[in-house]
Amino acid sequence: MSSDPYLNSFRPGEGFPSGVEYRWSDGPGEAVSVSAPVYIEKVLGWIADQINDESKFPDDDDETEALRVFQTPQFAALCGQIFRRLFRVYGIIYSSFFGTLEALDMAPHLNSCFKHFMFFCTEFGLLPEREVEPLEVLVKPIKKKYYAAKQGAVASTGR
């Protein structure tokens, strides 16, 4: 983990959105309590491992194999798990690091990335409602804008 003293000041179970604790498991077995920075580090490493695994994300050179894998229920489940974990990373950033990002004038960038992430997740139904509850105050207006924009697009095409 980082040598940053602030990141190392988080104890297991700390730094998560109010009322939740995301636990980590490296495989079958009991999930363990970790700090929010450790959770982020583990999630990003896990996602990189999944994406770099050719059996889970085949190279486009073999289009037939790629299509076969991409159409399996296992691939859909893996993508759902990736997006749920990424959403949790956003939750940690908003709950523990937003003030720092605001001070660095980076909050608009985070908000824009999160909005596009939520639009994508909403379009493809990637996040269960129970998962978004910790950030409902942020998610609700974004979804409202998404559905309004989608409704406007449908109305303009005459459907």
# chains A, B, ... in the order shown; residues from 1 in each chain; ligands from 1
>>> select_by_dssp(residues="chain A", states="strand (DSSP E)", output="PyMOL selection string")
chain A and resi 23-24+32-33
>>> residues_around(residues="Arg88 in chain A", least_positions_apart="5", cutoff="9 Å", atoms="only C-alpha atoms", output="list of chain:residue names")
A:Phe16, A:Pro17, A:Tyr22, A:Ile40, A:Phe83, A:Ile93, A:Glu131, A:Val132
>>> residues_around(residues="Glu133 in chain A", least_positions_apart="2", cutoff="12 Å", atoms="only C-alpha atoms", output="PyMOL selection string")
chain A and resi 17-20+87-88+91+127-131+135-140
>>> closest_residue(among="A:Glu41, A:Gln50, A:Tyr90, A:Arg23", to="Phe75 in chain A", atoms="only C-alpha atoms")
A:Gln50
>>> decode(residues="range 19-46 of chain A", atoms="N, CA, C and O atoms", output="compact mmCIF listing (two decimals), in the first residue's frame")
# COMPACT_ATOMS: atom_id res chain seq x y z
N GLY A 19 -22.88 3.97 7.07
CA GLY A 19 -23.75 2.82 7.25
C GLY A 19 -23.35 1.55 6.51
O GLY A 19 -24.05 0.56 6.58
N VAL A 20 -22.22 1.58 5.79
CA VAL A 20 -21.78 0.37 5.08
C VAL A 20 -20.30 0.11 5.33
O VAL A 20 -19.55 1.02 5.66
N GLU A 21 -19.93 -1.14 5.16
CA GLU A 21 -18.53 -1.52 5.18
C GLU A 21 -18.36 -2.56 4.08
O GLU A 21 -19.06 -3.57 4.05
N TYR A 22 -17.48 -2.28 3.15
CA TYR A 22 -17.20 -3.24 2.09
C TYR A 22 -16.05 -4.12 2.57
O TYR A 22 -14.99 -3.62 2.94
N ARG A 23 -16.28 -5.42 2.58
CA ARG A 23 -15.27 -6.36 3.04
C ARG A 23 -14.63 -7.03 1.83
O ARG A 23 -15.19 -7.02 0.76
N TRP A 24 -13.44 -7.59 2.01
CA TRP A 24 -12.72 -8.17 0.89
C TRP A 24 -12.44 -9.65 1.12
O TRP A 24 -12.10 -10.07 2.21
N SER A 25 -12.57 -10.41 0.03
CA SER A 25 -12.21 -11.82 0.05
C SER A 25 -11.42 -12.11 -1.23
O SER A 25 -11.86 -11.75 -2.32
N ASP A 26 -10.28 -12.76 -1.07
CA ASP A 26 -9.45 -13.11 -2.23
C ASP A 26 -9.91 -14.40 -2.90
O ASP A 26 -9.30 -14.84 -3.86
N GLY A 27 -10.96 -14.97 -2.42
CA GLY A 27 -11.45 -16.23 -2.98
C GLY A 27 -12.52 -16.78 -2.08
O GLY A 27 -13.07 -16.07 -1.25
N PRO A 28 -12.81 -18.07 -2.23
CA PRO A 28 -13.81 -18.67 -1.36
C PRO A 28 -13.37 -18.54 0.10
O PRO A 28 -12.19 -18.65 0.42
N GLY A 29 -14.31 -18.30 0.94
CA GLY A 29 -13.99 -18.14 2.35
C GLY A 29 -14.56 -16.85 2.87
O GLY A 29 -15.25 -16.12 2.17
N GLU A 30 -14.24 -16.58 4.10
CA GLU A 30 -14.80 -15.41 4.77
C GLU A 30 -14.13 -14.13 4.30
O GLU A 30 -12.91 -14.05 4.16
N ALA A 31 -14.95 -13.11 4.07
CA ALA A 31 -14.43 -11.80 3.71
C ALA A 31 -13.88 -11.13 4.97
O ALA A 31 -14.41 -11.32 6.06
N VAL A 32 -12.81 -10.37 4.81
CA VAL A 32 -12.18 -9.72 5.94
C VAL A 32 -12.39 -8.21 5.89
O VAL A 32 -12.57 -7.63 4.81
N SER A 33 -12.35 -7.61 7.03
CA SER A 33 -12.47 -6.17 7.15
C SER A 33 -11.16 -5.51 6.73
O SER A 33 -10.09 -5.91 7.20
N VAL A 34 -11.24 -4.55 5.84
CA VAL A 34 -10.08 -3.78 5.40
C VAL A 34 -10.45 -2.31 5.43
O VAL A 34 -11.62 -1.95 5.50
N SER A 35 -9.46 -1.44 5.35
CA SER A 35 -9.74 -0.01 5.28
C SER A 35 -10.17 0.35 3.85
O SER A 35 -9.93 -0.42 2.90
N ALA A 36 -10.78 1.50 3.70
CA ALA A 36 -11.23 1.94 2.37
C ALA A 36 -10.08 2.04 1.37
O ALA A 36 -10.21 1.56 0.24
N PRO A 37 -8.93 2.64 1.73
CA PRO A 37 -7.83 2.67 0.75
C PRO A 37 -7.34 1.28 0.34
O PRO A 37 -7.03 1.06 -0.83
N VAL A 38 -7.31 0.35 1.28
CA VAL A 38 -6.90 -1.01 0.95
C VAL A 38 -7.94 -1.65 0.05
O VAL A 38 -7.60 -2.35 -0.92
N TYR A 39 -9.21 -1.40 0.33
CA TYR A 39 -10.28 -1.95 -0.51
C TYR A 39 -10.12 -1.45 -1.95
O TYR A 39 -10.20 -2.24 -2.89
N ILE A 40 -9.89 -0.17 -2.12
CA ILE A 40 -9.71 0.39 -3.47
C ILE A 40 -8.53 -0.28 -4.17
O ILE A 40 -8.63 -0.69 -5.33
N GLU A 41 -7.43 -0.40 -3.46
CA GLU A 41 -6.24 -1.03 -4.04
C GLU A 41 -6.54 -2.47 -4.47
O GLU A 41 -6.15 -2.90 -5.56
N LYS A 42 -7.25 -3.22 -3.63
CA LYS A 42 -7.58 -4.60 -3.95
C LYS A 42 -8.55 -4.68 -5.12
O LYS A 42 -8.40 -5.54 -6.00
N VAL A 43 -9.54 -3.81 -5.16
CA VAL A 43 -10.51 -3.80 -6.27
C VAL A 43 -9.81 -3.52 -7.59
O VAL A 43 -10.02 -4.24 -8.57
N LEU A 44 -8.99 -2.50 -7.62
CA LEU A 44 -8.33 -2.14 -8.88
C LEU A 44 -7.38 -3.24 -9.35
O LEU A 44 -7.30 -3.53 -10.54
N GLY A 45 -6.69 -3.88 -8.41
CA GLY A 45 -5.82 -5.00 -8.77
C GLY A 45 -6.63 -6.18 -9.28
O GLY A 45 -6.27 -6.82 -10.28
N TRP A 46 -7.75 -6.47 -8.61
CA TRP A 46 -8.62 -7.58 -9.02
C TRP A 46 -9.19 -7.33 -10.42
O TRP A 46 -9.21 -8.23 -11.26
